[in-house]
Structure formats: structure tokens, C-alpha cells
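Novice: Handing over my_file_30.pdb, PDB, C-alpha atoms, pLDDT in the B column.
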```pdb
ATOM      1  CA  MET A   1      -7.242 107.117 102.310  1.00 40.00           C
ATOM      2  CA  ASP A   2      -8.146 109.476  99.473  1.00 51.00           C
ATOM      3  CA  VAL A   3     -11.655 109.749  98.029  1.00 42.00           C
ATOM      4  CA  ASN A   4     -10.793 108.033  94.745  1.00 49.00           C
ATOM      5  CA  SER A   5      -9.380 104.907  96.365  1.00 52.00           C
ATOM      6  CA  LYS A   6     -12.297 104.796  98.834  1.00 42.00           C
ATOM      7  CA  PHE A   7     -14.768 104.939  95.934  1.00 42.00           C
ATOM      8  CA  GLU A   8     -12.831 102.268  94.103  1.00 59.00           C
ATOM      9  CA  ASN A   9     -12.989  99.990  97.150  1.00 84.00           C
ATOM     10  CA  VAL A  10     -16.726 100.586  97.492  1.00 89.00           C
ATOM     11  CA  ALA A  11     -17.194  99.901  93.779  1.00 91.00           C
ATOM     12  CA  ARG A  12     -15.195  96.668  93.964  1.00 92.00           C
ATOM     13  CA  ARG A  13     -17.162  95.524  97.013  1.00 92.00           C
ATOM     14  CA  SER A  14     -20.409  96.309  95.179  1.00 94.00           C
ATOM     15  CA  LEU A  15     -19.208  94.436  92.111  1.00 95.00           C
ATOM     16  CA  TYR A  16     -18.289  91.403  94.205  1.00 94.00           C
ATOM     17  CA  LYS A  17     -21.671  91.513  95.974  1.00 94.00           C
ATOM     18  CA  ASN A  18     -23.603  91.689  92.698  1.00 97.00           C
ATOM     19  CA  LEU A  19     -21.498  89.094  90.872  1.00 97.00           C
ATOM     20  CA  SER A  20     -21.828  86.701  93.817  1.00 96.00           C
ATOM     21  CA  LYS A  21     -25.605  86.728  93.413  1.00 97.00           C
ATOM     22  CA  LEU A  22     -25.471  85.470  89.833  1.00 98.00           C
ATOM     23  CA  THR A  23     -26.341  81.900  88.968  1.00 98.00           C
ATOM     24  CA  PRO A  24     -23.881  80.030  86.733  1.00 97.00           C
ATOM     25  CA  ILE A  25     -25.976  80.770  83.622  1.00 97.00           C
ATOM     26  CA  GLN A  26     -26.248  84.448  84.582  1.00 98.00           C
ATOM     27  CA  PHE A  27     -22.475  84.539  85.104  1.00 98.00           C
ATOM     28  CA  LYS A  28     -22.035  83.082  81.624  1.00 98.00           C
ATOM     29  CA  PHE A  29     -24.180  85.935  80.305  1.00 98.00           C
ATOM     30  CA  PHE A  30     -22.069  88.399  82.293  1.00 98.00           C
ATOM     31  CA  TYR A  31     -18.893  86.885  80.903  1.00 98.00           C
ATOM     32  CA  CYS A  32     -20.196  87.117  77.321  1.00 97.00           C
ATOM     33  CA  LEU A  33     -21.030  90.791  77.752  1.00 98.00           C
ATOM     34  CA  PHE A  34     -17.715  91.406  79.492  1.00 98.00           C
ATOM     35  CA  VAL A  35     -15.720  89.794  76.664  1.00 97.00           C
ATOM     36  CA  HIS A  36     -17.800  91.472  73.949  1.00 97.00           C
ATOM     37  CA  TYR A  37     -17.248  94.974  75.297  1.00 97.00           C
ATOM     38  CA  TRP A  38     -13.596  94.271  76.076  1.00 97.00           C
ATOM     39  CA  ALA A  39     -12.918  92.907  72.573  1.00 96.00           C
ATOM     40  CA  ASP A  40     -14.882  95.578  70.695  1.00 97.00           C
ATOM     41  CA  TYR A  41     -14.290  98.647  72.886  1.00 96.00           C
ATOM     42  CA  ASN A  42     -11.331  97.792  75.144  1.00 96.00           C
ATOM     43  CA  LEU A  43     -13.464  98.271  78.265  1.00 97.00           C
ATOM     44  CA  PHE A  44     -13.342  96.990  81.830  1.00 97.00           C
ATOM     45  CA  ILE A  45      -9.872  95.441  81.981  1.00 98.00           C
ATOM     46  CA  ASP A  46      -6.458  96.016  80.466  1.00 96.00           C
ATOM     47  CA  LYS A  47      -4.569  93.228  78.695  1.00 96.00           C
ATOM     48  CA  GLN A  48      -2.177  92.531  81.560  1.00 97.00           C
ATOM     49  CA  ASN A  49      -4.979  92.267  84.121  1.00 97.00           C
ATOM     50  CA  LEU A  50      -6.969  90.059  81.762  1.00 96.00           C
ATOM     51  CA  TYR A  51      -3.959  87.778  81.400  1.00 93.00           C
ATOM     52  CA  ASN A  52      -3.472  87.718  85.183  1.00 95.00           C
ATOM     53  CA  LEU A  53      -7.163  86.933  85.709  1.00 96.00           C
ATOM     54  CA  TRP A  54      -7.013  84.157  83.104  1.00 93.00           C
ATOM     55  CA  CYS A  55      -3.888  82.633  84.676  1.00 91.00           C
ATOM     56  CA  GLU A  56      -5.359  82.714  88.156  1.00 94.00           C
ATOM     57  CA  LEU A  57      -8.649  81.152  87.007  1.00 95.00           C
ATOM     58  CA  ASN A  58      -6.713  78.450  85.160  1.00 92.00           C
ATOM     59  CA  GLN A  59      -4.493  77.728  88.146  1.00 92.00           C
ATOM     60  CA  MET A  60      -7.507  77.426  90.437  1.00 94.00           C
ATOM     61  CA  CYS A  61      -9.164  75.042  87.983  1.00 93.00           C
ATOM     62  CA  HIS A  62      -5.970  72.981  87.844  1.00 91.00           C
ATOM     63  CA  ASP A  63      -5.674  72.989  91.651  1.00 92.00           C
ATOM     64  CA  SER A  64      -9.236  71.707  91.997  1.00 92.00           C
ATOM     65  CA  ASP A  65      -8.840  69.121  89.216  1.00 88.00           C
ATOM     66  CA  GLU A  66      -5.354  67.953  88.280  1.00 85.00           C
ATOM     67  CA  SER A  67      -6.591  66.633  84.928  1.00 84.00           C
ATOM     68  CA  PHE A  68      -7.200  70.270  83.968  1.00 86.00           C
ATOM     69  CA  PRO A  69      -4.266  71.566  81.866  1.00 85.00           C
ATOM     70  CA  ASP A  70      -1.662  73.577  83.737  1.00 81.00           C
ATOM     71  CA  CYS A  71      -1.292  76.974  82.063  1.00 76.00           C
ATOM     72  CA  TYR A  72       2.345  77.243  83.134  1.00 77.00           C
ATOM     73  CA  ASP A  73       3.405  73.849  81.773  1.00 80.00           C
ATOM     74  CA  ASN A  74       1.593  73.759  78.448  1.00 79.00           C
ATOM     75  CA  PHE A  75       0.334  77.098  77.144  1.00 80.00           C
ATOM     76  CA  LYS A  76      -0.921  75.724  73.813  1.00 86.00           C
ATOM     77  CA  GLU A  77      -2.916  72.972  75.507  1.00 88.00           C
ATOM     78  CA  ILE A  78      -4.616  75.390  77.914  1.00 86.00           C
ATOM     79  CA  LYS A  79      -5.302  77.922  75.142  1.00 85.00           C
ATOM     80  CA  ASP A  80      -6.907  75.213  72.962  1.00 88.00           C
ATOM     81  CA  PHE A  81      -8.922  73.979  75.933  1.00 88.00           C
ATOM     82  CA  CYS A  82     -10.186  77.492  76.712  1.00 88.00           C
ATOM     83  CA  GLN A  83     -11.245  78.077  73.122  1.00 90.00           C
ATOM     84  CA  THR A  84     -13.131  74.783  73.071  1.00 93.00           C
ATOM     85  CA  HIS A  85     -14.656  75.338  76.540  1.00 94.00           C
ATOM     86  CA  PRO A  86     -14.981  79.112  77.014  1.00 95.00           C
ATOM     87  CA  TYR A  87     -17.067  78.822  80.205  1.00 96.00           C
ATOM     88  CA  TYR A  88     -14.931  76.141  81.865  1.00 94.00           C
ATOM     89  CA  PHE A  89     -14.113  78.180  84.965  1.00 96.00           C
ATOM     90  CA  ILE A  90     -17.790  78.940  85.624  1.00 97.00           C
ATOM     91  CA  ASP A  91     -18.514  75.214  85.538  1.00 95.00           C
ATOM     92  CA  LYS A  92     -15.512  74.277  87.719  1.00 95.00           C
ATOM     93  CA  LEU A  93     -15.212  77.007  90.370  1.00 97.00           C
ATOM     94  CA  PRO A  94     -17.627  78.477  92.916  1.00 97.00           C
ATOM     95  CA  ILE A  95     -19.215  81.737  91.737  1.00 97.00           C
ATOM     96  CA  LYS A  96     -17.975  83.580  94.846  1.00 95.00           C
ATOM     97  CA  ILE A  97     -14.345  82.814  93.937  1.00 95.00           C
ATOM     98  CA  ILE A  98     -14.864  83.921  90.337  1.00 97.00           C
ATOM     99  CA  ALA A  99     -16.659  87.061  91.533  1.00 95.00           C
ATOM    100  CA  CYS A 100     -13.762  87.865  93.836  1.00 93.00           C
ATOM    101  CA  LEU A 101     -11.205  87.520  91.039  1.00 95.00           C
ATOM    102  CA  PHE A 102     -13.187  89.629  88.565  1.00 97.00           C
ATOM    103  CA  SER A 103     -13.677  92.283  91.238  1.00 94.00           C
ATOM    104  CA  GLU A 104      -9.944  92.311  91.897  1.00 93.00           C
ATOM    105  CA  TYR A 105      -8.735  92.502  88.287  1.00 96.00           C
ATOM    106  CA  VAL A 106     -11.145  94.822  86.480  1.00 96.00           C
ATOM    107  CA  ASP A 107      -9.646  98.265  86.250  1.00 93.00           C
ATOM    108  CA  ASN A 108     -12.043 100.634  84.490  1.00 93.00           C
ATOM    109  CA  GLN A 109     -15.777 101.286  84.157  1.00 95.00           C
ATOM    110  CA  ILE A 110     -16.307  99.299  87.379  1.00 95.00           C
ATOM    111  CA  ASP A 111     -19.523 101.220  88.055  1.00 95.00           C
ATOM    112  CA  VAL A 112     -20.922  99.969  84.735  1.00 97.00           C
ATOM    113  CA  LEU A 113     -20.049  96.379  85.687  1.00 98.00           C
ATOM    114  CA  VAL A 114     -21.733  96.803  89.088  1.00 97.00           C
ATOM    115  CA  CYS A 115     -24.998  97.805  87.410  1.00 98.00           C
ATOM    116  CA  LEU A 116     -24.588  95.225  84.657  1.00 98.00           C
ATOM    117  CA  ALA A 117     -24.324  92.400  87.202  1.00 98.00           C
ATOM    118  CA  LYS A 118     -27.281  93.783  89.155  1.00 98.00           C
ATOM    119  CA  THR A 119     -29.332  94.019  85.955  1.00 98.00           C
ATOM    120  CA  LEU A 120     -28.551  90.398  85.101  1.00 97.00           C
ATOM    121  CA  TYR A 121     -29.706  89.011  88.454  1.00 96.00           C
ATOM    122  CA  GLU A 122     -32.762  91.290  88.648  1.00 97.00           C
ATOM    123  CA  SER A 123     -33.838  91.137  85.010  1.00 97.00           C
ATOM    124  CA  ASN A 124     -32.329  89.476  81.927  1.00 96.00           C
ATOM    125  CA  ILE A 125     -29.675  89.632  79.255  1.00 97.00           C
ATOM    126  CA  ARG A 126     -31.710  91.847  76.929  1.00 98.00           C
ATOM    127  CA  VAL A 127     -32.089  94.523  79.592  1.00 98.00           C
ATOM    128  CA  ALA A 128     -28.374  94.147  80.412  1.00 98.00           C
ATOM    129  CA  TYR A 129     -27.320  94.823  76.806  1.00 98.00           C
ATOM    130  CA  ALA A 130     -29.730  97.768  76.644  1.00 98.00           C
ATOM    131  CA  TYR A 131     -28.264  99.173  79.863  1.00 98.00           C
ATOM    132  CA  VAL A 132     -24.677  98.986  78.588  1.00 97.00           C
ATOM    133  CA  ASN A 133     -25.631 100.435  75.203  1.00 96.00           C
ATOM    134  CA  GLN A 134     -27.429 103.371  76.813  1.00 97.00           C
ATOM    135  CA  THR A 135     -24.796 103.994  79.492  1.00 97.00           C
ATOM    136  CA  LEU A 136     -21.886 103.940  77.055  1.00 96.00           C
ATOM    137  CA  GLY A 137     -23.716 105.770  74.257  1.00 96.00           C
ATOM    138  CA  LEU A 138     -23.547 102.814  71.884  1.00 97.00           C
ATOM    139  CA  ASN A 139     -26.045 101.830  69.229  1.00 96.00           C
ATOM    140  CA  GLU A 140     -25.502  98.103  68.911  1.00 97.00           C
ATOM    141  CA  PRO A 141     -28.264  95.751  67.679  1.00 98.00           C
ATOM    142  CA  ILE A 142     -29.532  94.336  70.985  1.00 97.00           C
ATOM    143  CA  ASP A 143     -31.678  91.580  69.470  1.00 98.00           C
ATOM    144  CA  ILE A 144     -28.722  90.236  67.498  1.00 98.00           C
ATOM    145  CA  LEU A 145     -26.387  90.429  70.510  1.00 98.00           C
ATOM    146  CA  VAL A 146     -28.893  88.594  72.722  1.00 98.00           C
ATOM    147  CA  SER A 147     -29.461  85.897  70.113  1.00 98.00           C
ATOM    148  CA  GLU A 148     -25.732  85.399  69.472  1.00 97.00           C
ATOM    149  CA  THR A 149     -24.990  85.255  73.199  1.00 98.00           C
ATOM    150  CA  GLN A 150     -27.725  82.717  73.881  1.00 97.00           C
ATOM    151  CA  GLU A 151     -26.586  80.549  70.968  1.00 98.00           C
ATOM    152  CA  HIS A 152     -22.948  80.758  72.036  1.00 96.00           C
ATOM    153  CA  ILE A 153     -23.736  79.665  75.575  1.00 97.00           C
ATOM    154  CA  LYS A 154     -26.036  76.906  74.358  1.00 96.00           C
ATOM    155  CA  TYR A 155     -23.397  75.618  71.929  1.00 96.00           C
ATOM    156  CA  PHE A 156     -20.568  75.605  74.461  1.00 94.00           C
ATOM    157  CA  SER A 157     -22.517  74.392  77.503  1.00 86.00           C
TER     158      SER A 157
END
```
In C-alpha cells, what does this structure look like?

Specialist:
Amino acid sequence: MDVNSKFENVARRSLYKNLSKLTPIQFKFFYCLFVHYWADYNLFIDKQNLYNLWCELNQMCHDSDESFPDCYDNFKEIKDFCQTHPYYFIDKLPIKIIACLFSEYVDNQIDVLVCLAKTLYESNIRVAYAYVNQTLGLNEPIDILVSETQEHIKYFS
């Protein structure tokens, strides 16, 4: 095994460990940050891996509850459902399963995600946004991001 793949395995194990410690609300915060930085900066996961992650989460939700739309039978229905209920998988699946899938599919800046998850379970969302901003050299308005994230989760929960 080469050094790079060994580090990657250690990083993925660390990510899984830290994500597994999050409560459902903390995982919703993690997911908001994850989506924000993916959408605005194309970080953490490529489009194909994001699609694969989404399909696997949807299939697991369908397997656990057959009333949940099947992403392979009706794409429009599942897409509409996901837009209306963006945190559905966090409410339906055990955190350890979700943590495992995220750890499997992310493909860049894994070290940032490891620390982000740790920051969320040890501190709060404000400190998490500050950490990502500082680590990635960004200058985003943390107070606005925190407020928008909290409102989004409140609205959709």
C-alpha cells in the first residue's frame, strides 16, 4: 500500500468516526455546510460521486420505508420530494449508515471534513463556518451563513 492511499484510508476512517458522533441536528448542520461549499466552491465531492451518494441514500430510505419514492422508478417524484424535504435521509436513516456513505463518497478535502465534523460535535455551527473560512482562505459572512443555515433547518424540519 502506498502512502497516499494509506493516508486516504486513515482520513476516511477519521471522517466516519467524527460523523458518527454527530446528533441528527448536528448532521443537518454538517450537511448544510457540505452542500454550501460544494455548490459555491465545488469542494468535497465530484458530481458523479454526489449522484451515487444521493442514489444510495434514496435507495436505503426506500428499502426502510416502501412509501418513500423509488429513485429508479420515478426520478421526478424523488427529486421533488428531496427539494421539499432536504434532510429526509437524516430523519429516516441511522447516523452511522449516513456517516459511512459520506465517508465512502467524498473525494477531496477530506481532511477539512474531518475537522469540520469534529468542530460541530465539540463546538457549534458558527465555529464550524469560521474553521472552513479560515482553512480555505475564504472571507464569507459567518453571521449570515449561520443565520441562513439555522432558518433553513428550522423551516424544513

Novice: Could you tell me which residues the PyMOL selection byres ((chain A and resi 24-37) around 7) returns for this structure, as a PDB file with C-alpha atoms, in the coordinates of the input?

Specialist:
```
ATOM      1  CA  LEU A  22     -25.471  85.470  89.833  1.00 98.00           C
ATOM      2  CA  THR A  23     -26.341  81.900  88.968  1.00 98.00           C
ATOM      3  CA  TRP A  38     -13.596  94.271  76.076  1.00 97.00           C
ATOM      4  CA  ALA A  39     -12.918  92.907  72.573  1.00 96.00           C
ATOM      5  CA  ASP A  40     -14.882  95.578  70.695  1.00 97.00           C
ATOM      6  CA  TYR A  41     -14.290  98.647  72.886  1.00 96.00           C
ATOM      7  CA  ASN A  42     -11.331  97.792  75.144  1.00 96.00           C
ATOM      8  CA  LEU A  43     -13.464  98.271  78.265  1.00 97.00           C
ATOM      9  CA  TYR A  87     -17.067  78.822  80.205  1.00 96.00           C
ATOM     10  CA  ILE A  90     -17.790  78.940  85.624  1.00 97.00           C
ATOM     11  CA  ALA A 117     -24.324  92.400  87.202  1.00 98.00           C
ATOM     12  CA  LEU A 120     -28.551  90.398  85.101  1.00 97.00           C
ATOM     13  CA  TYR A 121     -29.706  89.011  88.454  1.00 96.00           C
ATOM     14  CA  ILE A 125     -29.675  89.632  79.255  1.00 97.00           C
ATOM     15  CA  THR A 149     -24.990  85.255  73.199  1.00 98.00           C
TER      16      THR A 149
END
```

Novice: I'd like a table as JSON lines: residues in stretch 56-142 of chain A with an atom no more than 12 Å from stretch 45-52 of chain A, each row giving the shortest atom pair and its distance in Å to one decimal, only C-alpha atoms counted, sorted by chain and rising residue number.

Specialist:
```
{"residue": "A:Glu56", "atom": "CA", "partner": "A:Asn52", "partner_atom": "CA", "distance": 6.1}
{"residue": "A:Leu57", "atom": "CA", "partner": "A:Asn52", "partner_atom": "CA", "distance": 8.6}
{"residue": "A:Asn58", "atom": "CA", "partner": "A:Asn52", "partner_atom": "CA", "distance": 9.8}
{"residue": "A:Gln59", "atom": "CA", "partner": "A:Asn52", "partner_atom": "CA", "distance": 10.5}
{"residue": "A:Cys71", "atom": "CA", "partner": "A:Tyr51", "partner_atom": "CA", "distance": 11.1}
{"residue": "A:Lys79", "atom": "CA", "partner": "A:Tyr51", "partner_atom": "CA", "distance": 11.8}
{"residue": "A:Leu101", "atom": "CA", "partner": "A:Asn52", "partner_atom": "CA", "distance": 9.7}
{"residue": "A:Phe102", "atom": "CA", "partner": "A:Leu50", "partner_atom": "CA", "distance": 9.2}
{"residue": "A:Ser103", "atom": "CA", "partner": "A:Ile45", "partner_atom": "CA", "distance": 10.5}
{"residue": "A:Glu104", "atom": "CA", "partner": "A:Asn49", "partner_atom": "CA", "distance": 9.2}
{"residue": "A:Tyr105", "atom": "CA", "partner": "A:Asn49", "partner_atom": "CA", "distance": 5.6}
{"residue": "A:Val106", "atom": "CA", "partner": "A:Ile45", "partner_atom": "CA", "distance": 4.7}
{"residue": "A:Asp107", "atom": "CA", "partner": "A:Ile45", "partner_atom": "CA", "distance": 5.1}
{"residue": "A:Asn108", "atom": "CA", "partner": "A:Ile45", "partner_atom": "CA", "distance": 6.2}
{"residue": "A:Gln109", "atom": "CA", "partner": "A:Ile45", "partner_atom": "CA", "distance": 8.6}
{"residue": "A:Ile110", "atom": "CA", "partner": "A:Ile45", "partner_atom": "CA", "distance": 9.2}
{"residue": "A:Leu113", "atom": "CA", "partner": "A:Ile45", "partner_atom": "CA", "distance": 10.9}
```

Novice: Rounded to one decimal in Å, what is the spacing between atom CA of A:Ser67 and atom CA of A:Lys92?

Specialist: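 The value is 12.1 Å.
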
Novice: Please report, as JSON, the centre and edge lengths in Å to one decimal of an axis-aligned box covering all listed atoms of stretch 125-144 of chain A with 3 Å per side.

Specialist:
```
{"center_x": -27.0, "center_y": 97.7, "center_z": 74.0, "size_x": 16.2, "size_y": 22.1, "size_z": 18.9}
```

Novice: Given the file shown, enumerate the residues that the PyMOL selection byres ((chain A and resi 145) around 12) captures and present them as a list in words.

Specialist: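 Checking the PyMOL selection byres ((chain A and resi 145) around 12) against this file, the residues are Phe29, Cys32, Leu33, His36, Tyr37, Ile125, Arg126, Val127, Ala128, Tyr129, Ala130, Val132, Asn133, Asn139, Glu140, Pro141, Ile142, Asp143, Ile144, Val146, Ser147, Glu148, Thr149, Gln150, Glu151 and His152 of chain A.
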
Novice: Specify as number ranges by chain each residue included when the PyMOL selection byres ((chain A and resi 15) around 10) is applied to this file.

Specialist: A: 9-14, 16-20, 99-100, 102-104, 106, 110-118

Novice: Separation of atom CA of A:Lys96 and atom CA of A:Phe156, in Å?

Specialist: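 Atom-to-atom, atom CA of A:Lys96 and atom CA of A:Phe156 are spaced 22.0 Å apart.
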
Novice: Between A:Ile97, A:Cys55, A:Gly137, A:Ser123, which one has atoms that come closest to A:Asp73, using all atoms listed in the file?

Specialist: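 For A:Asp73, the nearest of the candidates is A:Cys55.
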
Novice: Find the distance between atom CA of A:His85 and atom CA of A:Thr119 and write it in Å to one decimal.

Specialist: 25.6 Å
